[in-house]
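data.cif follows (mmCIF, C-alpha atoms):
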data_coords
#
loop_
_atom_site.label_atom_id
_atom_site.label_comp_id
_atom_site.auth_asym_id
_atom_site.auth_seq_id
_atom_site.Cartn_x
_atom_site.Cartn_y
_atom_site.Cartn_z
CA MET A 1 -16.52 -136.57 -35.83
CA ASP A 2 -18.00 -139.40 -33.78
CA ASN A 3 -16.19 -141.55 -31.28
CA THR A 4 -15.84 -144.60 -33.51
CA THR A 5 -14.29 -142.52 -36.29
CA LYS A 6 -11.76 -141.10 -33.82
CA ILE A 7 -10.88 -144.54 -32.46
CA ILE A 8 -10.45 -145.94 -35.98
CA ILE A 9 -8.12 -143.06 -36.87
CA VAL A 10 -6.04 -143.67 -33.73
CA ALA A 11 -5.94 -147.42 -34.45
CA LEU A 12 -4.87 -146.69 -38.02
CA ALA A 13 -2.14 -144.34 -36.82
CA ILE A 14 -0.79 -147.09 -34.55
CA LEU A 15 -0.88 -149.57 -37.43
CA VAL A 16 0.95 -147.07 -39.66
CA ILE A 17 3.75 -146.71 -37.09
CA LEU A 18 3.99 -150.49 -36.85
CA THR A 19 4.10 -151.10 -40.63
CA PRO A 20 7.92 -151.45 -40.71
CA LEU A 21 7.30 -154.84 -39.06
CA GLY A 22 6.21 -155.85 -42.55
CA LEU A 23 9.81 -155.36 -43.68
CA ILE A 24 10.92 -158.34 -41.56
CA ALA A 25 9.57 -160.54 -44.33
CA SER A 26 12.45 -160.20 -46.75
CA GLY A 27 11.41 -162.89 -49.22
CA GLU A 28 9.20 -162.57 -52.26
CA ALA A 29 5.57 -163.68 -52.34
CA PHE A 30 4.61 -166.52 -54.67
CA GLY A 31 4.02 -165.12 -58.14
CA GLU A 32 5.51 -161.72 -57.31
CA TRP A 33 9.09 -162.49 -58.23
CA GLY A 34 11.34 -160.12 -60.13
CA THR A 35 12.72 -161.11 -63.52
CA ASP A 36 15.97 -162.33 -61.87
CA TYR A 37 14.03 -165.18 -60.29
CA PHE A 38 13.13 -166.63 -63.69
CA LYS A 39 16.63 -166.15 -65.05
CA GLU A 40 17.91 -168.17 -62.11
CA LYS A 41 15.20 -170.85 -62.01
CA LEU A 42 14.48 -171.37 -65.71
CA GLY A 43 17.53 -169.91 -67.41
CA TYR A 44 15.35 -167.40 -69.27
CA VAL A 45 12.94 -164.60 -68.52
CA PRO A 46 9.50 -165.20 -70.07
CA SER A 47 9.40 -162.77 -73.01
CA GLY A 48 5.88 -161.42 -72.46
CA LEU A 49 6.53 -161.09 -68.75
CA GLU A 50 9.74 -159.19 -69.35
CA GLY A 51 7.99 -156.82 -71.75
CA LEU A 52 5.12 -156.02 -69.42
CA SER A 53 7.16 -155.93 -66.21
CA SER A 54 8.67 -152.55 -67.06
CA LEU A 55 5.36 -151.07 -68.21
CA TRP A 56 4.90 -148.87 -65.17
CA ASN A 57 7.33 -146.92 -63.02
CA ALA A 58 5.71 -146.30 -59.67
CA PRO A 59 6.83 -143.14 -57.84
CA MET A 60 7.32 -145.00 -54.55
CA PRO A 61 8.25 -148.51 -55.70
CA ASP A 62 7.86 -151.32 -53.13
CA TYR A 63 6.62 -148.83 -50.53
CA GLY A 64 9.96 -147.07 -50.38
CA ILE A 65 11.39 -143.66 -51.06
CA PRO A 66 13.86 -143.95 -53.95
CA GLY A 67 17.40 -143.55 -52.58
CA LEU A 68 16.39 -144.29 -49.01
CA GLU A 69 15.71 -148.01 -49.24
CA ASP A 70 19.30 -149.18 -48.74
CA THR A 71 19.42 -148.68 -45.00
CA THR A 72 17.13 -150.26 -42.43
CA VAL A 73 16.10 -146.89 -41.04
CA GLY A 74 15.57 -145.51 -44.55
CA ALA A 75 13.41 -148.49 -45.49
CA ALA A 76 11.39 -148.11 -42.30
CA VAL A 77 10.91 -144.37 -42.92
CA GLY A 78 9.91 -145.10 -46.52
CA TYR A 79 7.47 -147.73 -45.35
CA ILE A 80 5.81 -145.43 -42.82
CA MET A 81 5.70 -142.59 -45.36
CA SER A 82 4.12 -144.99 -47.86
CA ALA A 83 1.50 -146.04 -45.32
CA ILE A 84 0.70 -142.37 -44.66
CA VAL A 85 0.62 -141.41 -48.34
CA GLY A 86 -1.46 -144.47 -49.27
CA SER A 87 -3.92 -143.90 -46.44
CA ILE A 88 -4.36 -140.22 -47.22
CA ILE A 89 -4.88 -140.82 -50.94
CA GLY A 90 -7.31 -143.65 -50.17
CA VAL A 91 -9.33 -141.60 -47.68
CA ALA A 92 -9.34 -138.56 -49.98
CA ALA A 93 -10.34 -140.60 -53.04
CA LEU A 94 -13.24 -142.25 -51.24
CA TYR A 95 -14.32 -139.01 -49.64
CA VAL A 96 -14.58 -137.36 -53.05
CA LEU A 97 -16.14 -140.45 -54.63
CA GLY A 98 -18.56 -140.81 -51.72
CA LYS A 99 -19.61 -137.16 -51.89
CA LEU A 100 -20.13 -137.46 -55.64
CA ILE A 101 -22.20 -140.63 -55.66
CA ILE A 102 -24.03 -140.66 -52.32
CA LYS A 103 -27.10 -138.46 -52.37
CA ASP A 104 -29.10 -138.81 -49.18
CA ASN A 105 -32.36 -137.74 -50.76
CA ALA A 106 -31.93 -139.83 -53.88
CA ASP A 107 -34.86 -142.04 -52.93
CA MET B 108 -1.47 -162.00 -53.88
CA HIS B 109 -0.90 -158.84 -55.89
CA ILE B 110 -0.34 -160.19 -59.37
CA PRO B 111 2.37 -158.07 -61.04
CA ASP B 112 2.46 -156.97 -64.67
CA GLY B 113 3.59 -159.70 -67.02
CA TYR B 114 2.39 -162.79 -65.20
CA LEU B 115 -0.99 -162.83 -66.91
CA GLY B 116 -1.21 -162.68 -70.69
CA PRO B 117 -3.57 -160.23 -72.46
CA ILE B 118 -6.46 -162.71 -72.79
CA THR B 119 -6.65 -163.12 -69.03
CA TYR B 120 -5.99 -159.58 -67.92
CA ILE B 121 -8.38 -158.08 -70.48
CA ALA B 122 -11.05 -160.62 -69.50
CA MET B 123 -10.62 -159.63 -65.86
CA PHE B 124 -11.14 -155.95 -66.71
CA ILE B 125 -14.24 -156.87 -68.73
CA ILE B 126 -15.56 -158.75 -65.67
CA MET B 127 -14.69 -155.89 -63.32
CA ILE B 128 -16.15 -152.91 -65.21
CA PRO B 129 -19.82 -153.86 -64.69
CA ILE B 130 -19.02 -154.90 -61.10
CA TRP B 131 -17.45 -151.48 -60.40
CA LEU B 132 -20.40 -149.68 -62.01
CA TYR B 133 -22.99 -151.71 -60.11
CA ALA B 134 -21.01 -151.32 -56.87
CA GLY B 135 -21.11 -147.54 -57.39
CA TYR B 136 -24.87 -147.73 -57.94
CA ARG B 137 -25.34 -149.83 -54.78
CA VAL B 138 -23.20 -147.46 -52.70
CA ARG B 139 -25.36 -144.59 -53.93
CA LYS B 140 -28.53 -146.53 -53.10
CA ASP B 141 -27.54 -148.19 -49.80
CA LEU B 142 -25.20 -145.76 -48.05
CA ARG B 143 -25.91 -142.45 -46.36
CA SER B 144 -23.48 -139.57 -46.38
CA LYS B 145 -22.82 -140.09 -42.67
CA GLN B 146 -21.20 -143.41 -43.65
CA ILE B 147 -18.65 -141.78 -45.98
CA PRO B 148 -15.99 -141.37 -43.24
CA LEU B 149 -16.18 -145.07 -42.36
CA LEU B 150 -16.06 -146.05 -46.04
CA ALA B 151 -13.03 -143.81 -46.58
CA LEU B 152 -11.24 -145.16 -43.50
CA SER B 153 -11.91 -148.72 -44.61
CA ALA B 154 -9.74 -148.10 -47.68
CA ALA B 155 -6.90 -146.86 -45.46
CA PHE B 156 -7.41 -149.87 -43.19
CA THR B 157 -7.07 -152.46 -45.95
CA PHE B 158 -4.17 -150.52 -47.50
CA VAL B 159 -2.21 -150.57 -44.23
CA ILE B 160 -3.13 -154.17 -43.32
CA MET B 161 -1.73 -155.34 -46.66
CA MET B 162 1.65 -153.77 -45.78
CA PHE B 163 2.16 -156.23 -42.93
CA ASN B 164 4.08 -158.88 -44.81
CA VAL B 165 4.53 -162.07 -42.88
CA PRO B 166 7.49 -164.35 -43.55
CA ILE B 167 6.69 -168.06 -43.72
CA PRO B 168 8.88 -171.18 -43.83
CA GLY B 169 10.33 -171.64 -47.30
CA GLY B 170 11.17 -167.98 -47.79
CA SER B 171 7.85 -166.81 -49.19
CA THR B 172 5.80 -163.98 -47.75
CA GLY B 173 2.23 -162.82 -47.76
CA HIS B 174 -0.30 -160.73 -45.92
CA ALA B 175 -3.89 -160.39 -44.83
CA VAL B 176 -6.29 -158.05 -46.63
CA GLY B 177 -8.94 -157.18 -44.06
CA GLY B 178 -11.53 -157.50 -46.81
CA ALA B 179 -13.97 -159.81 -45.04
CA ILE B 180 -14.52 -157.47 -42.11
CA ILE B 181 -15.04 -154.52 -44.48
CA GLY B 182 -17.65 -156.60 -46.30
CA ILE B 183 -19.35 -157.53 -43.03
CA ILE B 184 -19.47 -153.97 -41.68
CA MET B 185 -19.96 -151.87 -44.83
CA GLY B 186 -21.72 -154.44 -47.00
CA PRO B 187 -20.00 -156.26 -49.87
CA TRP B 188 -20.71 -153.65 -52.56
CA ALA B 189 -19.24 -150.79 -50.54
CA ALA B 190 -16.26 -153.07 -49.82
CA VAL B 191 -15.76 -153.56 -53.58
CA VAL B 192 -15.39 -149.79 -53.93
CA SER B 193 -13.07 -149.19 -50.98
CA ILE B 194 -10.78 -152.20 -51.52
CA SER B 195 -10.58 -151.45 -55.27
CA VAL B 196 -9.47 -147.90 -54.50
CA ALA B 197 -6.75 -149.22 -52.15
CA LEU B 198 -5.56 -151.74 -54.76
CA ILE B 199 -5.47 -149.14 -57.55
CA ILE B 200 -3.37 -146.82 -55.34
CA GLN B 201 -1.03 -149.72 -54.55
CA ALA B 202 -0.56 -150.44 -58.25
CA LEU B 203 -0.18 -146.83 -59.43
CA VAL B 204 1.84 -145.27 -56.60
CA PHE B 205 3.71 -148.21 -55.07
CA GLY B 206 4.06 -150.68 -57.93
CA ASP B 207 2.41 -153.41 -55.84
CA GLY B 208 0.30 -155.35 -58.30
CA GLY B 209 0.49 -154.68 -62.01
CA ILE B 210 -1.35 -151.99 -63.95
CA THR B 211 -2.53 -154.63 -66.40
CA ALA B 212 -3.50 -156.87 -63.47
CA ILE B 213 -5.72 -154.29 -61.73
CA GLY B 214 -8.81 -156.09 -63.01
CA ALA B 215 -7.61 -159.48 -61.77
CA ASN B 216 -6.35 -158.18 -58.43
CA CYS B 217 -9.56 -156.26 -57.79
CA PHE B 218 -11.60 -159.34 -58.65
CA ASN B 219 -9.62 -161.56 -56.27
CA MET B 220 -9.26 -159.17 -53.35
CA ALA B 221 -12.01 -156.54 -53.73
CA VAL B 222 -14.83 -158.83 -54.91
CA VAL B 223 -14.16 -162.42 -53.86
CA ILE B 224 -13.03 -161.60 -50.32
CA PRO B 225 -15.87 -159.29 -49.25
CA PHE B 226 -18.58 -161.35 -50.96
CA VAL B 227 -17.41 -164.73 -49.69
CA GLY B 228 -16.79 -163.15 -46.29
CA TYR B 229 -20.12 -161.34 -46.10
CA TYR B 230 -22.29 -164.26 -47.18
CA LEU B 231 -20.48 -166.83 -45.04
CA TYR B 232 -20.89 -164.50 -42.08
CA LYS B 233 -24.59 -164.08 -42.89
CA ILE B 234 -25.21 -167.80 -43.33
CA ILE B 235 -23.34 -168.86 -40.20
CA SER B 236 -24.84 -166.05 -38.10
CA GLY B 237 -28.40 -166.92 -39.04
CA ASN B 238 -30.86 -165.15 -36.81
CA SER B 239 -28.54 -165.04 -33.81
CA ASP B 240 -28.37 -161.95 -31.65
CA ILE B 241 -26.01 -159.25 -32.93
CA LYS B 242 -23.96 -159.62 -29.72
CA SER B 243 -23.81 -163.42 -29.79
CA ALA B 244 -20.61 -165.46 -29.77
CA ARG B 245 -21.91 -167.30 -32.83
CA ARG B 246 -21.40 -164.15 -34.85
CA ILE B 247 -17.75 -163.94 -33.74
CA VAL B 248 -17.25 -167.51 -34.94
CA ALA B 249 -19.01 -166.57 -38.16
CA ALA B 250 -16.70 -163.58 -38.70
CA VAL B 251 -13.57 -165.65 -37.99
CA ILE B 252 -14.61 -168.39 -40.43
CA ALA B 253 -15.59 -165.74 -42.99
CA GLY B 254 -12.11 -164.21 -42.74
CA TYR B 255 -10.35 -167.54 -43.07
CA ILE B 256 -12.35 -168.91 -45.98
CA SER B 257 -12.62 -165.66 -47.92
CA LEU B 258 -8.87 -165.06 -48.15
CA SER B 259 -8.30 -168.73 -49.01
CA VAL B 260 -10.84 -168.62 -51.85
CA ALA B 261 -9.26 -165.41 -53.16
CA ALA B 262 -5.84 -167.07 -53.09
CA GLY B 263 -7.31 -169.99 -55.02
CA CYS B 264 -8.63 -167.55 -57.65
CA ALA B 265 -5.21 -165.91 -57.99
CA GLY B 266 -3.63 -169.37 -58.21
CA PHE B 267 -6.12 -170.30 -60.95
CA GLU B 268 -5.42 -167.13 -62.94
CA PHE B 269 -1.67 -167.74 -62.67
CA GLY B 270 -1.94 -171.43 -63.47
CA ILE B 271 -4.01 -171.20 -66.66
CA GLN B 272 -1.31 -169.12 -68.38
CA PRO B 273 0.80 -172.07 -69.60
CA TYR B 274 -2.34 -173.55 -71.24
CA ILE B 275 -3.37 -170.27 -72.90
CA TYR B 276 0.19 -169.32 -73.83
CA PRO B 277 2.17 -172.52 -74.28
CA ALA B 278 5.93 -172.59 -74.53
CA VAL B 279 7.52 -171.40 -77.76
CA ASN B 280 10.93 -172.98 -78.32
CA GLY B 281 10.83 -174.22 -74.74
CA GLN B 282 10.14 -170.77 -73.30
CA TYR B 283 6.84 -169.72 -71.80
CA PRO B 284 5.89 -166.10 -72.53
CA TYR B 285 3.98 -165.45 -69.29
CA MET B 286 3.56 -167.30 -65.97
CA PRO B 287 5.38 -170.57 -66.67
CA TYR B 288 3.93 -172.64 -63.85
CA ASP B 289 0.66 -174.48 -64.40
CA LEU B 290 -2.23 -175.20 -62.06
CA SER B 291 -0.46 -178.20 -60.49
CA VAL B 292 2.05 -175.73 -59.05
CA THR B 293 0.11 -172.51 -58.62
CA LEU B 294 -3.02 -173.84 -56.93
CA PRO B 295 -1.25 -175.82 -54.18
CA ALA B 296 1.21 -172.96 -53.64
CA MET B 297 -1.37 -170.20 -53.34
CA LEU B 298 -3.93 -172.27 -51.43
CA GLY B 299 -1.35 -173.91 -49.19
CA GLU B 300 0.43 -170.71 -48.16
CA HIS B 301 -2.82 -168.97 -47.41
CA MET B 302 -4.67 -171.80 -45.69
CA LEU B 303 -1.69 -172.55 -43.46
CA PHE B 304 -0.66 -168.99 -42.65
CA PHE B 305 -2.15 -165.82 -44.11
CA SER B 306 -5.81 -166.85 -43.85
CA ILE B 307 -5.28 -167.50 -40.15
CA LEU B 308 -4.06 -163.92 -39.83
CA GLU B 309 -7.09 -162.71 -41.80
CA ALA B 310 -9.34 -164.75 -39.49
CA ILE B 311 -7.78 -163.19 -36.38
CA ILE B 312 -8.05 -159.64 -37.76
CA THR B 313 -11.65 -160.23 -38.84
CA GLY B 314 -12.51 -161.62 -35.39
CA LEU B 315 -10.81 -158.82 -33.44
CA VAL B 316 -12.33 -155.97 -35.45
CA PHE B 317 -15.70 -157.72 -35.31
CA ILE B 318 -15.53 -158.03 -31.51
CA TYR B 319 -14.66 -154.34 -31.26
CA PHE B 320 -17.71 -153.34 -33.30
CA GLN B 321 -19.93 -155.87 -31.53
CA ARG B 322 -19.03 -154.40 -28.15
CA ASN B 323 -18.91 -150.72 -29.09
CA GLU B 324 -20.91 -150.13 -32.26
CA PRO B 325 -23.41 -152.98 -32.61
CA GLY B 326 -25.67 -150.58 -34.52
CA LEU B 327 -23.18 -150.52 -37.41
CA LEU B 328 -23.45 -154.30 -37.69
CA GLU B 329 -27.17 -153.99 -38.30
CA GLU B 330 -26.93 -150.86 -40.43
CA LYS B 331 -29.09 -152.29 -43.20
CA LYS B 332 -32.10 -152.89 -40.99
CA LEU B 333 -31.76 -149.41 -39.52
CA SER B 334 -31.68 -147.60 -42.83
CA GLN B 335 -34.71 -149.57 -44.02
CA LYS B 336 -36.68 -148.70 -40.90
CA MET B 337 -36.11 -145.00 -41.09
CA PRO B 338 -35.66 -143.96 -44.67
CA GLY B 339 -34.71 -140.36 -45.16
CA LYS B 340 -34.44 -139.69 -41.47
CA ILE B 341 -30.72 -139.08 -41.63
CA SER B 342 -29.95 -136.32 -44.03
CA ALA B 343 -26.97 -134.03 -44.20
#
Represent the supplied structure as structure tokens.
Amino acid sequence: MDNTTKIIIVALAILVILTPLGLIASGEAFGEWGTDYFKEKLGYVPSGLEGLSSLWNAPMPDYGIPGLEDTTVGAAVGYIMSAIVGSIIGVAALYVLGKLIIKDNAD
Amino acid sequence: MHIPDGYLGPITYIAMFIIMIPIWLYAGYRVRKDLRSKQIPLLALSAAFTFVIMMFNVPIPGGSTGHAVGGAIIGIIMGPWAAVVSISVALIIQALVFGDGGITAIGANCFNMAVVIPFVGYYLYKIISGNSDIKSARRIVAAVIAGYISLSVAAGCAGFEFGIQPYIYPAVNGQYPYMPYDLSVTLPAMLGEHMLFFSILEAIITGLVFIYFQRNEPGLLEEKKLSQKMPGKISA
């Protein structure tokens, strides 16, 4: 493993530990509102939106561990765990994908 | 700007998948053609980088939030096609595992964040850099501008996709089925929030990572020239 790779991993680890800072933003991003928002603003929930919104149940919804998100510490732990899980899956997926598609002697 | 399920109607989200499938396939072909196996670790780490950067939500006045993507710097360092692959992987994980961005909106979200950002970022960086030395300050400026503009353009794309819904799916009995706000709301909201706040963050991140590579790994910033000069020299 070269020096740059090591430094990037260390930098990523620091970023992962700092991710709970992202929880300070408690609002919702534009266009990422829950169905309650529409109920409140428009008096109805768009029918197609309501139908599709429950299409998928993510195992770690909103970067949290189900049951742990109620407390600040629990949310922070869930956030860090999510950053670790997401990073590991991402690295693993690209490692496998990279090994499958990159052939050094292809040309 | 992770569009959730339900905001885009089928015409839009299917169209975005139809646009993305050839882009994903060609990106895979270009990664195979342009990258060497020694670059796999950097490619893999770039997916973790963008994944983690997107978790840093920033609150802004008015109660909304948003984040940077880190897509421009990945495009600049890895090349835009490799960036398509790594950012797409991060976005697909976010949708499937964390419910951030809809399953039906994977095509749209990948187009906005995994295609628009690295391509706009990479080409702006290239154009502004010109023939300047790899260590020149001009290239830092180029990277910063690339970060700022690329995220803003992506936000505009997301705003456009949101805002065309009321025209494609008009209200029935006074109720819109999908995103109810039209372009007059969605474009200013998405562009404004990003141009005033999140794109500045993207610009700073792009600049800082660029400076790091410029000082410590300038060779990676001219990777393309290197691999053309010595084909086949590096083999695993």
Tell me, counting all atoms listed in the file, for each residue of chain B within 7 Å of chain A, which pair of atoms is nearest and how far apart they are in Å to one decimal, in rows ordered by chain and increasing number, as JSON lines.
{"residue": "B:Ile110", "atom": "CA", "partner": "A:Glu32", "partner_atom": "CA", "distance": 6.4}
{"residue": "B:Pro111", "atom": "CA", "partner": "A:Glu32", "partner_atom": "CA", "distance": 6.1}
{"residue": "B:Asp112", "atom": "CA", "partner": "A:Ser53", "partner_atom": "CA", "distance": 5.1}
{"residue": "B:Gly113", "atom": "CA", "partner": "A:Leu49", "partner_atom": "CA", "distance": 3.7}
{"residue": "B:Tyr114", "atom": "CA", "partner": "A:Leu49", "partner_atom": "CA", "distance": 5.7}
{"residue": "B:Val138", "atom": "CA", "partner": "A:Ile102", "partner_atom": "CA", "distance": 6.9}
{"residue": "B:Arg139", "atom": "CA", "partner": "A:Ile102", "partner_atom": "CA", "distance": 4.5}
{"residue": "B:Leu142", "atom": "CA", "partner": "A:Ile102", "partner_atom": "CA", "distance": 6.8}
{"residue": "B:Arg143", "atom": "CA", "partner": "A:Asp104", "partner_atom": "CA", "distance": 5.6}
{"residue": "B:Ser144", "atom": "CA", "partner": "A:Ile102", "partner_atom": "CA", "distance": 6.1}
{"residue": "B:Ile147", "atom": "CA", "partner": "A:Gly98", "partner_atom": "CA", "distance": 5.8}
{"residue": "B:Leu149", "atom": "CA", "partner": "A:Thr5", "partner_atom": "CA", "distance": 6.8}
{"residue": "B:Ala151", "atom": "CA", "partner": "A:Val91", "partner_atom": "CA", "distance": 4.4}
{"residue": "B:Leu152", "atom": "CA", "partner": "A:Val91", "partner_atom": "CA", "distance": 5.8}
{"residue": "B:Ala154", "atom": "CA", "partner": "A:Gly90", "partner_atom": "CA", "distance": 5.6}
{"residue": "B:Ala155", "atom": "CA", "partner": "A:Ser87", "partner_atom": "CA", "distance": 4.3}
{"residue": "B:Phe156", "atom": "CA", "partner": "A:Leu12", "partner_atom": "CA", "distance": 6.6}
{"residue": "B:Phe158", "atom": "CA", "partner": "A:Ser87", "partner_atom": "CA", "distance": 6.7}
{"residue": "B:Val159", "atom": "CA", "partner": "A:Ala83", "partner_atom": "CA", "distance": 6.0}
{"residue": "B:Met162", "atom": "CA", "partner": "A:Gly22", "partner_atom": "CA", "distance": 6.0}
{"residue": "B:Phe163", "atom": "CA", "partner": "A:Gly22", "partner_atom": "CA", "distance": 4.1}
{"residue": "B:Asn164", "atom": "CA", "partner": "A:Gly22", "partner_atom": "CA", "distance": 4.3}
{"residue": "B:Val165", "atom": "CA", "partner": "A:Ala25", "partner_atom": "CA", "distance": 5.5}
{"residue": "B:Pro166", "atom": "CA", "partner": "A:Ala25", "partner_atom": "CA", "distance": 4.4}
{"residue": "B:Gly170", "atom": "CA", "partner": "A:Gly27", "partner_atom": "CA", "distance": 5.3}
{"residue": "B:Ser171", "atom": "CA", "partner": "A:Ala29", "partner_atom": "CA", "distance": 5.0}
{"residue": "B:Thr172", "atom": "CA", "partner": "A:Ala29", "partner_atom": "CA", "distance": 4.6}
{"residue": "B:Gly173", "atom": "CA", "partner": "A:Ala29", "partner_atom": "CA", "distance": 5.7}
{"residue": "B:Ser193", "atom": "CA", "partner": "A:Leu94", "partner_atom": "CA", "distance": 6.9}
{"residue": "B:Val196", "atom": "CA", "partner": "A:Gly90", "partner_atom": "CA", "distance": 6.4}
{"residue": "B:Ala197", "atom": "CA", "partner": "A:Gly90", "partner_atom": "CA", "distance": 5.9}
{"residue": "B:Ile200", "atom": "CA", "partner": "A:Gly86", "partner_atom": "CA", "distance": 6.8}
{"residue": "B:Leu203", "atom": "CA", "partner": "A:Ala58", "partner_atom": "CA", "distance": 5.9}
{"residue": "B:Val204", "atom": "CA", "partner": "A:Ala58", "partner_atom": "CA", "distance": 5.0}
{"residue": "B:Phe205", "atom": "CA", "partner": "A:Pro61", "partner_atom": "CA", "distance": 4.6}
{"residue": "B:Gly206", "atom": "CA", "partner": "A:Ala58", "partner_atom": "CA", "distance": 5.0}
{"residue": "B:Asp207", "atom": "CA", "partner": "A:Asp62", "partner_atom": "CA", "distance": 6.4}
{"residue": "B:Gln282", "atom": "CA", "partner": "A:Pro46", "partner_atom": "CA", "distance": 6.5}
{"residue": "B:Tyr283", "atom": "CA", "partner": "A:Pro46", "partner_atom": "CA", "distance": 5.5}
{"residue": "B:Pro284", "atom": "CA", "partner": "A:Pro46", "partner_atom": "CA", "distance": 4.5}
{"residue": "B:Tyr285", "atom": "CA", "partner": "A:Leu49", "partner_atom": "CA", "distance": 5.1}
{"residue": "B:Gly339", "atom": "CA", "partner": "A:Asn105", "partner_atom": "CA", "distance": 6.6}
{"residue": "B:Ser342", "atom": "CA", "partner": "A:Asp104", "partner_atom": "CA", "distance": 5.8}
Keeping only C-alpha atoms, write the selected residues as a short mmCIF file (atom, residue, chain, number, x, y, z; two decimals), in the frame of the given file.
data_model
loop_
_atom_site.label_atom_id
_atom_site.label_comp_id
_atom_site.auth_asym_id
_atom_site.auth_seq_id
_atom_site.Cartn_x
_atom_site.Cartn_y
_atom_site.Cartn_z
CA ILE B 110 -0.34 -160.19 -59.37
CA PRO B 111 2.37 -158.07 -61.04
CA ASP B 112 2.46 -156.97 -64.67
CA GLY B 113 3.59 -159.70 -67.02
CA TYR B 114 2.39 -162.79 -65.20
CA VAL B 138 -23.20 -147.46 -52.70
CA ARG B 139 -25.36 -144.59 -53.93
CA LEU B 142 -25.20 -145.76 -48.05
CA ARG B 143 -25.91 -142.45 -46.36
CA SER B 144 -23.48 -139.57 -46.38
CA ILE B 147 -18.65 -141.78 -45.98
CA LEU B 149 -16.18 -145.07 -42.36
CA ALA B 151 -13.03 -143.81 -46.58
CA LEU B 152 -11.24 -145.16 -43.50
CA ALA B 154 -9.74 -148.10 -47.68
CA ALA B 155 -6.90 -146.86 -45.46
CA PHE B 156 -7.41 -149.87 -43.19
CA PHE B 158 -4.17 -150.52 -47.50
CA VAL B 159 -2.21 -150.57 -44.23
CA MET B 162 1.65 -153.77 -45.78
CA PHE B 163 2.16 -156.23 -42.93
CA ASN B 164 4.08 -158.88 -44.81
CA VAL B 165 4.53 -162.07 -42.88
CA PRO B 166 7.49 -164.35 -43.55
CA GLY B 170 11.17 -167.98 -47.79
CA SER B 171 7.85 -166.81 -49.19
CA THR B 172 5.80 -163.98 -47.75
CA GLY B 173 2.23 -162.82 -47.76
CA SER B 193 -13.07 -149.19 -50.98
CA VAL B 196 -9.47 -147.90 -54.50
CA ALA B 197 -6.75 -149.22 -52.15
CA ILE B 200 -3.37 -146.82 -55.34
CA LEU B 203 -0.18 -146.83 -59.43
CA VAL B 204 1.84 -145.27 -56.60
CA PHE B 205 3.71 -148.21 -55.07
CA GLY B 206 4.06 -150.68 -57.93
CA ASP B 207 2.41 -153.41 -55.84
CA GLN B 282 10.14 -170.77 -73.30
CA TYR B 283 6.84 -169.72 -71.80
CA PRO B 284 5.89 -166.10 -72.53
CA TYR B 285 3.98 -165.45 -69.29
CA GLY B 339 -34.71 -140.36 -45.16
CA SER B 342 -29.95 -136.32 -44.03
#
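Atom CA of Ala190 of chain B sits 6.7 Å away from atom CA of Ala221 of chain B.
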- [ ] Could you state which residues are captured by the PyMOL selection byres ((chain B and resi 225) around 7) in this file, as number ranges by chain?
- [x] B: 178-179, 181-182, 187, 190, 221-224, 226-229
Please write the residues from the selection above to a file, keeping C-alpha atoms, as a tab-separated table (two decimals), in the frame of the given file.
chain	number	residue	atom	x	y	z
B	178	GLY	CA	-11.53	-157.50	-46.81
B	179	ALA	CA	-13.97	-159.81	-45.04
B	181	ILE	CA	-15.04	-154.52	-44.48
B	182	GLY	CA	-17.65	-156.60	-46.30
B	187	PRO	CA	-20.00	-156.26	-49.87
B	190	ALA	CA	-16.26	-153.07	-49.82
B	221	ALA	CA	-12.01	-156.54	-53.73
B	222	VAL	CA	-14.83	-158.83	-54.91
B	223	VAL	CA	-14.16	-162.42	-53.86
B	224	ILE	CA	-13.03	-161.60	-50.32
B	226	PHE	CA	-18.58	-161.35	-50.96
B	227	VAL	CA	-17.41	-164.73	-49.69
B	228	GLY	CA	-16.79	-163.15	-46.29
B	229	TYR	CA	-20.12	-161.34	-46.10
- [ ] For the file shown, report as a ChimeraX atom specification the outcome of the PyMOL selection byres ((chain B and resi 289) around 8) at residue level.
- [x] /B:269-274,286-288,290-293
TODO: Output the residue selection produced by the PyMOL selection byres ((chain B and resi 243-257) around 6) on the file above, formatted as a ChimeraX atom specification.
DONE: /B:179,224,227-228,231-232,235-236,240-242,258-260,306-307,309-310,313-314
Could those residues be written to a file, using C-alpha atoms, as a short mmCIF file (atom, residue, chain, number, x, y, z; two decimals), in the frame of the given file?
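Saved file out01.cif follows:
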data_model
loop_
_atom_site.label_atom_id
_atom_site.label_comp_id
_atom_site.auth_asym_id
_atom_site.auth_seq_id
_atom_site.Cartn_x
_atom_site.Cartn_y
_atom_site.Cartn_z
CA ALA B 179 -13.97 -159.81 -45.04
CA ILE B 224 -13.03 -161.60 -50.32
CA VAL B 227 -17.41 -164.73 -49.69
CA GLY B 228 -16.79 -163.15 -46.29
CA LEU B 231 -20.48 -166.83 -45.04
CA TYR B 232 -20.89 -164.50 -42.08
CA ILE B 235 -23.34 -168.86 -40.20
CA SER B 236 -24.84 -166.05 -38.10
CA ASP B 240 -28.37 -161.95 -31.65
CA ILE B 241 -26.01 -159.25 -32.93
CA LYS B 242 -23.96 -159.62 -29.72
CA LEU B 258 -8.87 -165.06 -48.15
CA SER B 259 -8.30 -168.73 -49.01
CA VAL B 260 -10.84 -168.62 -51.85
CA SER B 306 -5.81 -166.85 -43.85
CA ILE B 307 -5.28 -167.50 -40.15
CA GLU B 309 -7.09 -162.71 -41.80
CA ALA B 310 -9.34 -164.75 -39.49
CA THR B 313 -11.65 -160.23 -38.84
CA GLY B 314 -12.51 -161.62 -35.39
#
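We find atom CA of Ala261 of chain B and atom CA of Ile14 of chain A to be spaced 27.5 Å apart.
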Task: For atom CA of Phe304 of chain B and atom CA of Phe267 of chain B, the interatomic separation in Å (one decimal) - done: 19.1 Å
